[in-house]
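Chemist: Provided below: start09.cif, containing mmCIF, C-alpha atoms.
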```
data_my_file
#
loop_
_atom_site.label_atom_id
_atom_site.label_comp_id
_atom_site.auth_asym_id
_atom_site.auth_seq_id
_atom_site.Cartn_x
_atom_site.Cartn_y
_atom_site.Cartn_z
CA SER O 472 282.10 208.18 71.06
CA PHE O 473 278.98 207.02 72.89
CA ALA O 474 278.83 210.52 74.43
CA TYR O 475 278.69 212.09 70.97
CA PHE O 476 275.50 210.20 70.05
CA ILE O 477 273.89 211.12 73.37
CA ILE O 478 274.57 214.82 72.84
CA LYS O 479 273.72 214.74 69.13
CA ASP O 480 270.55 212.59 69.23
CA LYS O 481 269.17 212.03 72.73
CA LEU O 482 269.51 215.43 74.36
CA PRO O 483 267.70 217.35 71.58
CA ARG O 484 264.88 214.76 71.80
CA ILE O 485 264.62 215.34 75.54
CA LEU O 486 264.47 219.12 74.99
CA THR O 487 261.82 218.75 72.27
CA LYS O 488 259.75 216.63 74.65
CA ALA O 489 260.08 219.25 77.42
CA ILE O 490 258.93 221.98 75.03
CA ASP O 491 256.01 219.82 73.93
CA THR O 492 255.02 219.15 77.54
CA LEU O 493 254.88 222.87 78.36
CA HIS O 494 252.88 223.50 75.20
CA ARG O 495 250.34 220.82 76.08
CA HIS O 496 249.76 222.38 79.51
CA LYS O 497 249.01 225.81 78.07
CA ASN O 498 245.26 225.62 78.82
CA GLU O 499 245.93 224.39 82.32
CA PHE O 500 248.29 227.33 82.97
CA PHE O 501 245.63 229.70 81.59
CA GLU O 502 242.89 228.23 83.80
CA GLU O 503 245.08 228.43 86.87
CA TYR O 504 246.94 231.73 86.33
CA GLY O 505 245.22 233.51 83.43
CA GLU O 506 247.30 235.41 80.85
CA LYS O 507 250.30 235.45 83.22
CA GLY O 508 250.47 231.67 83.02
CA VAL O 509 250.41 231.66 79.22
CA GLU O 510 253.08 234.39 79.03
CA ALA O 511 255.31 232.41 81.42
CA GLU O 512 254.83 229.26 79.32
CA LYS O 513 255.84 231.15 76.15
CA ARG O 514 258.96 232.56 77.81
CA ALA O 515 259.98 229.12 79.13
CA ILE O 516 259.49 227.55 75.69
CA SER O 517 261.53 230.29 74.06
CA LEU O 518 264.41 229.68 76.51
CA LEU O 519 264.29 225.93 75.85
CA SER O 520 264.23 226.45 72.06
CA LYS O 521 267.27 228.72 72.37
CA LEU O 522 269.01 226.05 74.47
CA ARG O 523 268.24 223.37 71.87
CA ASN O 524 269.67 225.58 69.13
CA GLU O 525 272.88 226.25 71.11
CA LEU O 526 273.32 222.53 71.64
CA GLN O 527 272.71 221.51 68.04
CA THR O 528 275.04 224.15 66.61
CA ASP O 529 277.85 223.47 69.12
CA LYS O 530 277.83 226.95 70.64
CA PRO O 531 280.12 227.77 73.58
CA VAL O 532 278.68 226.93 77.00
CA THR O 533 277.54 230.22 78.55
CA PRO O 534 277.50 231.28 82.21
CA LEU O 535 274.17 230.96 84.00
CA GLU O 536 272.39 234.29 84.32
CA ASP O 537 269.65 233.28 86.73
CA GLU O 538 269.43 234.16 90.41
CA LEU O 539 269.11 230.59 91.65
CA PRO O 540 271.34 229.78 94.66
CA ASP O 541 273.65 227.36 92.84
CA ALA O 542 274.42 229.68 89.89
CA PRO O 543 277.75 230.95 91.30
CA LEU O 544 278.97 227.36 91.75
CA TRP O 545 278.06 226.51 88.16
CA ASN O 546 279.80 229.60 86.82
CA ARG O 547 282.91 228.85 88.85
CA TYR O 548 282.89 225.35 87.35
CA LEU O 549 282.69 226.83 83.84
CA ASP O 550 285.79 228.93 84.65
CA TYR O 551 287.51 225.75 85.77
CA GLN O 552 286.62 224.08 82.43
CA ARG O 553 287.91 227.14 80.54
CA ASN O 554 291.23 226.91 82.37
CA LEU O 555 291.47 223.20 81.52
CA SER O 556 291.23 223.96 77.80
CA ASN O 557 294.51 225.96 77.99
CA GLY O 558 293.30 228.59 75.57
CA ASN O 559 292.05 225.97 73.06
CA GLY O 560 288.83 227.90 72.63
CA GLU O 561 285.73 228.07 74.84
CA PRO O 562 284.18 224.86 76.19
CA SER O 563 281.30 224.08 73.81
CA TRP O 564 278.60 221.41 73.64
CA PHE O 565 280.66 218.93 71.63
CA GLN O 566 284.09 220.00 72.93
CA SER O 567 283.58 219.43 76.65
CA PRO O 568 283.35 216.56 79.12
CA TRP O 569 280.09 214.70 78.53
CA LEU O 570 279.17 214.64 82.22
CA TYR O 571 279.50 218.42 82.42
CA VAL O 572 277.39 219.42 79.39
CA GLU O 573 274.73 216.82 80.15
CA CYS O 574 274.30 218.10 83.71
CA TYR O 575 274.42 221.67 82.39
CA MET O 576 271.50 220.98 80.03
CA TYR O 577 269.27 219.75 82.89
CA ARG O 578 270.23 222.76 84.97
CA ARG O 579 269.25 225.07 82.08
CA ILE O 580 265.92 223.24 81.65
CA HIS O 581 265.25 223.87 85.32
CA ALA O 582 266.16 227.56 84.99
CA ALA O 583 263.86 228.04 81.97
CA VAL O 584 260.87 227.08 84.13
CA ALA O 585 262.08 228.34 87.53
CA GLN O 586 262.68 231.87 86.20
CA ASN O 587 259.11 232.14 84.95
CA PRO O 588 256.58 232.44 87.73
CA PRO O 589 253.75 231.57 88.17
CA ILE O 590 254.66 228.24 86.48
CA ASP O 591 258.06 228.15 88.24
CA SER O 592 257.41 224.95 90.19
CA PHE O 593 256.22 222.95 87.17
CA ASP O 594 258.23 219.74 86.57
CA VAL O 595 258.41 219.08 82.81
CA PHE O 596 259.32 215.44 83.54
CA LYS O 597 256.57 214.71 86.08
CA GLU O 598 254.15 213.03 83.64
CA GLY O 599 256.78 210.57 82.40
CA LYS O 600 257.64 209.57 85.96
CA ALA O 601 253.96 209.10 86.87
CA GLN O 602 253.37 207.11 83.69
CA ASN O 603 256.28 204.79 84.49
CA PHE O 604 254.76 204.21 87.93
CA PHE O 605 251.26 203.44 86.62
CA GLU O 606 252.46 201.25 83.76
CA SER O 607 254.58 199.23 86.19
CA GLN O 608 251.55 198.53 88.44
CA GLU O 609 251.62 194.75 88.01
CA ALA O 610 255.29 194.51 88.85
CA ILE O 611 254.80 196.84 91.83
CA ILE O 612 251.88 194.76 93.12
CA ALA O 613 253.92 191.55 92.70
CA LEU O 614 256.82 193.06 94.63
CA CYS O 615 254.66 194.51 97.45
CA THR O 616 252.80 191.20 97.75
CA TYR O 617 256.03 189.22 97.92
CA PHE O 618 257.40 191.57 100.55
CA GLN O 619 254.27 191.65 102.75
CA GLU O 620 254.12 187.83 102.70
CA LEU O 621 257.79 187.77 103.67
CA LEU O 622 257.16 190.14 106.59
CA LYS O 623 254.64 187.70 108.11
CA ASN O 624 257.38 185.26 109.07
CA ILE O 625 260.41 187.53 109.01
CA LYS O 626 261.07 186.80 112.69
CA ASP O 627 261.49 183.10 111.94
CA LEU O 628 264.15 183.46 109.24
CA ASP O 629 267.50 181.96 110.13
CA GLU O 630 270.71 183.66 109.06
CA LYS O 631 271.00 181.71 105.82
CA GLN O 632 267.43 182.61 104.77
CA LEU O 633 267.97 186.23 105.78
CA ARG O 634 271.04 186.38 103.56
CA GLU O 635 269.11 184.85 100.65
CA GLU O 636 266.30 187.38 100.97
CA LEU O 637 268.75 190.27 101.17
CA PHE O 638 270.47 189.08 97.98
CA LYS O 639 267.10 188.83 96.23
CA LEU O 640 266.07 192.36 97.16
CA LEU O 641 269.49 193.78 96.28
CA GLN O 642 269.08 192.25 92.83
CA VAL O 643 265.54 193.62 92.50
CA SER O 644 266.90 197.07 93.36
CA LEU O 645 269.76 196.56 90.88
CA TRP O 646 267.59 195.50 87.94
CA GLY O 647 264.95 198.10 88.83
CA ASN O 648 267.62 200.50 87.58
CA LYS O 649 266.93 199.38 83.98
CA CYS O 650 263.88 201.70 83.92
CA ASP O 651 265.63 204.93 83.05
CA LEU O 652 263.85 207.65 81.08
CA SER O 653 266.90 209.79 80.32
CA PHE O 654 268.46 206.69 78.77
CA SER O 655 265.44 206.02 76.54
CA ALA O 656 264.93 209.77 75.87
CA GLY O 657 261.56 209.49 77.62
CA GLU O 658 260.23 206.41 75.79
CA ASP O 659 258.25 203.86 77.81
CA THR O 660 260.54 201.83 80.08
CA SER O 661 257.99 200.53 82.55
CA GLN O 662 258.46 197.18 84.21
CA LYS O 663 255.63 194.91 83.12
CA ALA O 664 256.48 191.56 84.74
CA SER O 665 257.39 190.66 88.30
CA PRO O 666 261.12 191.23 88.72
CA LEU O 667 261.40 188.30 91.14
CA GLN O 668 260.76 185.66 88.49
CA SER O 669 263.88 186.18 86.44
CA LEU O 670 266.55 186.77 89.12
CA GLU O 671 268.22 183.37 88.67
CA ASN O 672 268.67 183.91 84.94
CA MET O 673 270.11 187.37 85.51
CA ILE O 674 273.01 186.29 87.78
CA PRO O 675 275.47 185.76 84.87
CA TYR O 676 274.89 189.38 83.84
CA ILE O 677 276.16 190.74 87.18
CA LEU O 678 279.77 191.48 86.23
CA VAL O 679 280.94 192.41 89.72
CA ASN O 680 279.00 190.76 92.51
CA ASP O 681 279.99 191.95 95.99
CA MET O 682 276.73 191.00 97.72
CA GLU O 683 278.67 188.83 100.20
CA LYS O 684 280.65 191.87 101.33
CA ILE O 685 277.46 193.85 101.91
CA TRP O 686 275.99 190.95 103.85
CA SER O 687 279.02 190.54 106.09
CA LEU O 688 279.06 194.29 106.87
CA LEU O 689 275.36 194.25 107.78
CA VAL O 690 275.33 190.97 109.68
CA SER O 691 278.44 191.63 111.74
CA ALA O 692 276.88 194.91 112.89
CA LYS O 693 273.62 193.11 113.69
CA ASN O 694 275.43 190.43 115.69
CA ARG O 695 277.42 193.04 117.60
CA ASN O 696 274.20 194.96 118.17
CA ILE O 697 275.29 196.86 121.23
CA GLU O 698 272.11 198.41 122.57
CA LYS O 699 273.14 202.01 122.00
CA SER O 700 274.74 201.79 118.59
CA LYS O 701 272.63 202.49 115.54
CA PHE O 702 273.41 201.12 112.08
CA ARG O 703 272.57 203.70 109.43
CA VAL O 704 272.26 202.96 105.71
CA ASP O 705 272.07 205.78 103.17
CA ILE O 706 270.55 205.20 99.72
CA ILE O 707 271.52 207.75 97.10
CA LEU O 708 268.49 207.41 94.86
CA ASP O 709 268.27 207.29 91.09
CA ASN O 710 264.97 206.94 89.19
CA ALA O 711 261.43 207.50 90.43
CA GLY O 712 258.68 205.08 89.40
CA PHE O 713 259.31 201.36 89.61
CA GLU O 714 262.96 201.65 90.65
CA LEU O 715 262.07 203.82 93.64
CA VAL O 716 259.56 201.20 94.85
CA CYS O 717 262.32 198.55 94.63
CA ASP O 718 264.58 200.78 96.75
CA LEU O 719 261.85 201.39 99.32
CA VAL O 720 261.20 197.63 99.64
CA LEU O 721 264.93 197.05 100.19
CA ALA O 722 264.99 199.83 102.83
CA ASP O 723 261.96 198.36 104.61
CA PHE O 724 263.58 194.93 104.59
CA LEU O 725 266.74 196.35 106.20
CA VAL O 726 264.84 197.99 109.08
CA SER O 727 262.32 195.14 109.51
CA THR O 728 265.15 192.62 109.94
CA LYS O 729 267.16 195.00 112.16
CA LEU O 730 270.04 194.83 109.68
CA ALA O 731 269.74 198.62 109.86
CA ASN O 732 268.10 200.92 112.41
CA GLU O 733 267.59 203.86 110.12
CA VAL O 734 267.68 204.53 106.39
CA HIS O 735 268.42 207.94 104.91
CA PHE O 736 267.36 208.64 101.31
CA HIS O 737 269.04 211.24 99.12
CA GLY O 738 267.07 212.62 96.17
CA LYS O 739 267.43 215.52 93.75
CA SER O 740 266.45 219.07 94.69
CA ILE O 741 265.37 219.90 91.10
CA PRO O 742 263.95 217.83 88.19
CA TRP O 743 266.97 215.96 86.82
CA TYR O 744 267.90 213.46 84.10
CA VAL O 745 264.22 213.04 83.16
CA SER O 746 263.33 210.34 85.69
CA ASP O 747 265.40 211.09 88.81
CA THR O 748 263.57 211.17 92.15
CA THR O 749 262.69 214.53 93.70
CA LYS O 750 261.05 215.07 97.08
CA HIS O 751 257.72 215.48 95.32
CA ASP O 752 258.18 212.12 93.52
CA PHE O 753 259.18 210.43 96.78
CA ASN O 754 256.11 211.62 98.71
CA TRP O 755 253.79 211.17 95.72
CA THR O 756 254.87 207.52 95.30
CA ILE O 757 254.16 206.68 98.94
CA LYS O 758 250.75 208.42 98.71
CA GLN O 759 249.90 206.53 95.49
CA LEU O 760 250.75 203.20 97.12
CA GLN O 761 248.69 204.08 100.21
CA SER O 762 245.62 204.84 98.16
CA GLY O 763 246.19 201.91 95.78
CA ASN O 764 243.28 199.49 95.46
CA HIS O 765 245.46 196.51 96.35
CA LEU O 766 245.78 195.44 99.98
CA TRP O 767 249.54 194.74 100.05
CA MET O 768 250.38 197.78 97.99
CA SER O 769 248.49 200.12 100.30
CA ARG O 770 249.93 198.33 103.35
CA CYS O 771 253.43 199.16 102.06
CA GLY O 772 252.45 202.80 101.57
CA ILE O 773 250.96 203.07 105.06
CA ASN O 774 253.99 201.43 106.70
CA TRP O 775 256.42 203.65 104.80
CA GLU O 776 254.56 206.82 105.75
CA GLY O 777 254.89 205.55 109.35
CA ASN O 778 258.65 205.02 108.94
CA LEU O 779 259.02 208.63 107.81
CA LYS O 780 256.87 209.97 110.67
CA GLN O 781 258.88 208.00 113.25
CA GLY O 782 262.19 209.15 111.80
CA ILE O 783 263.30 205.58 110.99
CA TRP O 784 263.42 206.83 107.40
CA VAL O 785 264.70 210.30 106.56
CA TYR O 786 264.58 212.03 103.18
CA HIS O 787 267.22 214.62 102.20
CA ASP O 788 267.98 216.58 99.10
CA HIS O 789 271.16 218.58 98.73
CA MET O 790 272.11 220.95 95.93
CA PHE O 791 275.38 219.04 95.39
CA TRP O 792 273.65 216.08 93.71
CA THR O 793 272.60 218.38 90.85
CA LEU O 794 275.96 220.05 90.32
CA PRO O 795 278.39 218.94 87.58
CA HIS O 796 281.11 217.92 90.05
CA ASP O 797 282.18 214.33 90.53
CA PHE O 798 282.07 212.97 94.05
CA ALA O 799 285.81 213.26 94.66
CA SER O 800 285.24 217.02 95.06
CA MET O 801 282.31 216.68 97.51
CA ALA O 802 284.44 217.23 100.62
CA GLU O 803 285.57 220.57 99.21
CA VAL O 804 282.40 221.76 97.42
CA ALA O 805 279.81 220.46 99.91
CA PRO O 806 281.59 219.74 103.21
CA ASP O 807 278.23 219.64 105.05
CA LEU O 808 276.96 216.79 102.86
CA TYR O 809 280.26 214.92 103.12
CA ALA O 810 280.13 215.21 106.93
CA ASP O 811 276.56 213.89 106.93
CA LEU O 812 277.52 210.87 104.80
CA GLN O 813 280.38 210.15 107.21
CA LYS O 814 277.72 209.40 109.86
CA SER O 815 276.49 206.52 107.71
CA ASP O 816 277.61 202.92 108.15
CA MET O 817 276.95 202.03 104.52
CA LEU O 818 276.19 204.08 101.41
CA LEU O 819 274.27 202.54 98.50
CA PHE O 820 274.65 204.53 95.28
CA LYS O 821 271.95 203.72 92.77
CA GLY O 822 272.32 203.93 89.03
CA ASP O 823 274.53 205.00 86.21
CA LEU O 824 274.91 208.74 86.79
CA ASN O 825 276.01 208.15 90.38
CA TYR O 826 278.56 205.62 89.10
CA ARG O 827 279.91 208.10 86.56
CA LYS O 828 280.30 210.67 89.34
CA LEU O 829 281.89 208.12 91.69
CA THR O 830 284.55 207.24 89.09
CA GLY O 831 285.03 210.72 87.60
CA ASP O 832 283.39 209.50 84.35
CA LYS O 833 286.77 208.64 82.85
CA LYS O 834 287.80 206.17 80.14
CA TRP O 835 289.31 203.79 82.68
CA GLU O 836 290.86 200.47 81.85
CA CYS O 837 288.17 198.02 83.04
CA SER O 838 290.57 196.28 85.43
CA VAL O 839 291.51 199.43 87.38
CA PRO O 840 290.45 198.85 91.03
CA PHE O 841 287.21 200.54 92.11
CA HIS O 842 289.00 201.99 95.15
CA GLN O 843 291.51 203.75 92.90
CA ALA O 844 288.81 205.19 90.59
CA LEU O 845 286.99 206.65 93.62
CA ASN O 846 289.92 209.05 93.93
CA LYS O 847 289.87 209.34 97.75
CA PHE O 848 286.07 209.73 97.94
CA HIS O 849 285.35 207.75 101.03
CA PRO O 850 282.92 209.10 103.61
CA ALA O 851 281.86 205.53 104.59
CA PRO O 852 281.86 201.96 103.18
CA LEU O 853 280.01 202.24 99.90
CA CYS O 854 278.39 200.17 97.22
CA SER O 855 277.22 200.90 93.68
CA LEU O 856 274.11 199.14 92.35
CA ARG O 857 274.07 199.96 88.67
CA THR O 858 273.04 198.65 85.28
CA LEU O 859 275.60 199.71 82.67
CA LYS O 860 274.35 202.51 80.40
CA SER O 861 277.56 204.45 79.76
CA ASP O 862 281.08 203.48 78.81
CA THR O 863 282.75 203.73 82.21
CA GLN O 864 283.46 200.56 84.16
CA VAL O 865 286.18 199.61 86.65
CA GLY O 866 286.97 196.77 89.01
CA LEU O 867 286.60 193.91 86.51
CA GLN O 868 288.93 190.90 86.47
CA PRO O 869 291.88 191.20 84.06
CA GLY O 870 290.63 190.19 80.61
CA GLN O 871 286.95 190.13 81.65
CA GLY O 872 286.08 193.34 79.76
CA GLU O 873 287.81 192.19 76.56
CA GLN O 874 286.08 188.83 76.75
CA ILE O 875 282.58 190.38 76.96
CA GLN O 876 283.48 192.96 74.30
CA ALA O 877 284.28 190.13 71.88
CA SER O 878 280.82 188.57 72.21
CA ASP O 879 278.75 191.70 72.93
CA PRO O 880 280.23 194.99 71.62
CA GLU O 881 277.37 197.04 73.16
CA TRP O 882 277.84 195.57 76.66
CA MET O 883 278.79 198.86 78.33
CA THR O 884 275.78 200.83 77.16
CA SER O 885 272.87 198.42 76.65
CA GLY O 886 271.59 198.25 80.25
CA LYS O 887 271.80 194.45 80.00
CA TYR O 888 274.66 194.06 82.49
CA GLY O 889 274.81 195.13 86.10
CA ILE O 890 277.22 195.46 89.01
CA VAL O 891 276.97 195.27 92.78
CA GLN O 892 280.34 196.81 93.54
CA PHE O 893 281.56 197.39 97.09
CA ASP O 894 284.43 199.37 98.54
CA ALA O 895 285.17 199.08 102.23
CA GLY O 896 287.27 202.17 102.09
CA LEU O 897 290.12 203.28 104.19
#
```
Please re-express this file's structure in structure tokens.
Modeler:
Amino acid sequence: SFAYFIIKDKLPRILTKAIDTLHRHKNEFFEEYGEKGVEAEKRAISLLSKLRNELQTDKPVTPLEDELPDAPLWNRYLDYQRNLSNGNGEPSWFQSPWLYVECYMYRRIHAAVAQNPPIDSFDVFKEGKAQNFFESQEAIIALCTYFQELLKNIKDLDEKQLREELFKLLQVSLWGNKCDLSFSAGEDTSQKASPLQSLENMIPYILVNDMEKIWSLLVSAKNRNIEKSKFRVDIILDNAGFELVCDLVLADFLVSTKLANEVHFHGKSIPWYVSDTTKHDFNWTIKQLQSGNHLWMSRCGINWEGNLKQGIWVYHDHMFWTLPHDFASMAEVAPDLYADLQKSDMLLFKGDLNYRKLTGDKKWECSVPFHQALNKFHPAPLCSLRTLKSDTQVGLQPGQGEQIQASDPEWMTSGKYGIVQFDAGL
């Protein structure tokens, strides 16, 4: 299976890279913390080497032994997996659901560092995320410039033009999702060219295109615009770097055009899937843009800092996003988060991992309706913006999957195809 190659080849490469990163920062840890820093680095490396060995030799998945607040939830989930196997042996690295062991690896990477003060807040993936941001500078400048020029006459756009611009920025946010470091095992995935140039050519690669549905939800709310009612959009973020900038531009567009009054962002509370956005990445990106030596780039950064200060934008991270559960169990496992998402008028889920968790990461028939695959997860109307990097896809037309398969056998995992898939819910 596709999952087998990820576990066999990609995950050990990601672990090796994490070990290498810690090793390279040895002098820095010594300068900052003395011998204590070096000892902590050695202990973290030894835990990661042990983890890599367990993975490569298909050892049983072991309970977490750290004191971090989510450990009991993880261990309860392991018990649940054990019960599923009906006595067919312990869940192990190659004999378990892919989603579970992959999430488990990232949680163990976090524990290896977090249990070893004084280096406990070190993010082994931080450099890769920063590198993606810096190497995508030209594309970021092109996007910020386009957006700032658009803002100059945003008041004069008629409804048709507004719709066109929304569709453009939705597509930019969709294709921004190609830059995924866990998918490339940390190899360079920066965006070199302006994403706006190629949008027309990319339309045929959008297999489900529900942009009209998103537009009608947003515009009907805007036209109703009763003074007191607020329209809230929540973006459940995926990658830092270039993709995050695409998401921030989309969010700014929504509030600048009054299609939304507030945007809530949801990131990860720990380093996750190599390039996922944490609070540090979120704030760092806005600071980098602010201090950028390009007028429109720094203007974006300054405006976005302002949005956060005024509470038009709100950043959240919740432990649930870095648990192994799919979203159908959110109401039970994290009722507080579910209740918060119910206050939203539209949820935008970015990226492949969120899609896998939305659909339970199952081997669905491609034509199964999206609504059915969501398995009663419905806090609010929701949309997935995702480029396909794993073999789970629903909501296609009958025969559509088979047709693409015939001409492009790698279609589900190459990142070449995308979806903008909407579910209005109840």
Chemist: Which one of O:Leu760, O:Leu766, O:Ile741, O:Leu824 sits closest to O:Thr616 if you count only C-alpha atoms?
Modeler: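 Once distances to O:Thr616 are computed over only C-alpha atoms, the minimum belongs to O:Leu766.
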Chemist: By how many Å are atom CA of O:Arg495 and atom CA of O:Val509 apart?
Modeler: 11.3 Å
Chemist: If we count all atoms listed in the file and set the cut-off at 8 Å, which residues sit around stretch 857-865 of chain O, ignoring sequence neighbours fewer than 2 positions away in its own chain? Please answer as a PyMOL selection string.
Modeler: chain O and resi 473+645-646+648-649+654+821-823+826-827+830+832-841+844+855+867+882-891
Chemist: Take the residues from that selection and write them out as a compact mmCIF listing (two decimals), in the coordinates of the input, keeping C-alpha atoms.
Modeler:
```txt
# COMPACT_ATOMS: atom_id res chain seq x y z
CA PHE O 473 278.98 207.02 72.89
CA LEU O 645 269.76 196.56 90.88
CA TRP O 646 267.59 195.50 87.94
CA ASN O 648 267.62 200.50 87.58
CA LYS O 649 266.93 199.38 83.98
CA PHE O 654 268.46 206.69 78.77
CA LYS O 821 271.95 203.72 92.77
CA GLY O 822 272.32 203.93 89.03
CA ASP O 823 274.53 205.00 86.21
CA TYR O 826 278.56 205.62 89.10
CA ARG O 827 279.91 208.10 86.56
CA THR O 830 284.55 207.24 89.09
CA ASP O 832 283.39 209.50 84.35
CA LYS O 833 286.77 208.64 82.85
CA LYS O 834 287.80 206.17 80.14
CA TRP O 835 289.31 203.79 82.68
CA GLU O 836 290.86 200.47 81.85
CA CYS O 837 288.17 198.02 83.04
CA SER O 838 290.57 196.28 85.43
CA VAL O 839 291.51 199.43 87.38
CA PRO O 840 290.45 198.85 91.03
CA PHE O 841 287.21 200.54 92.11
CA ALA O 844 288.81 205.19 90.59
CA SER O 855 277.22 200.90 93.68
CA LEU O 867 286.60 193.91 86.51
CA TRP O 882 277.84 195.57 76.66
CA MET O 883 278.79 198.86 78.33
CA THR O 884 275.78 200.83 77.16
CA SER O 885 272.87 198.42 76.65
CA GLY O 886 271.59 198.25 80.25
CA LYS O 887 271.80 194.45 80.00
CA TYR O 888 274.66 194.06 82.49
CA GLY O 889 274.81 195.13 86.10
CA ILE O 890 277.22 195.46 89.01
CA VAL O 891 276.97 195.27 92.78
```
Chemist: Starting from the shown file, work through the PyMOL selection byres ((chain O and resi 511-514) around 7) and note down what comes out as a list in words.
Modeler: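 After applying the PyMOL selection byres ((chain O and resi 511-514) around 7), what remains is Leu493, Lys497, Lys507, Gly508, Val509, Glu510, Ala515, Ile516, Ser517, Leu518, Asn587, Pro588, Pro589 and Ile590 of chain O.
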Chemist: Please compute the atom CA of O:Lys600-atom CA of O:Ala711 distance, one decimal, in Å.
Modeler: 6.2 Å
Chemist: Quick check, in Å to one decimal: how far apart do atom CA of O:Trp545 and atom CA of O:Arg579 lie?
Modeler: 10.8 Å
Chemist: Name the residues captured by the PyMOL selection byres ((chain O and resi 522) around 12) when it is applied to the shown file; answer as a ChimeraX atom specification.
Modeler: /O:482-483,485-487,489-490,515-521,523-533,535,564,572,575-583
Chemist: I'd like to see the residues matched by the PyMOL selection byres ((chain O and resi 703) around 7) on this file, and ideally I'd get them as a ChimeraX atom specification.
Modeler: /O:701-702,704-705,731-734,815-817
Chemist: Just want the 9 Å neighbourhood of stretch 790-796 of chain O, counted on all atoms listed in the file, with same-chain residues fewer than 3 positions away dropped. Output as a PyMOL selection string.
Modeler: chain O and resi 540-541+544-545+548+570-575+577-578+737-741+743+799-801+804-805+808+825+828+831
Chemist: Go through O:Asn846, O:Gln662, O:Ser878, O:Gln619 one by one, measure the shortest atom-to-atom distance of each to O:Cys771 using only C-alpha atoms, and give the residue with the smallest value.
Modeler: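 Closest residue, counting only C-alpha atoms: O:Gln619.
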Chemist: Choose the residue, out of O:Leu721, O:Leu549, O:Leu640, O:Val595, that has the smallest atom-to-atom separation from O:His496; count only C-alpha atoms.
Modeler: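 Among the listed residues, O:Val595 lies closest to O:His496.
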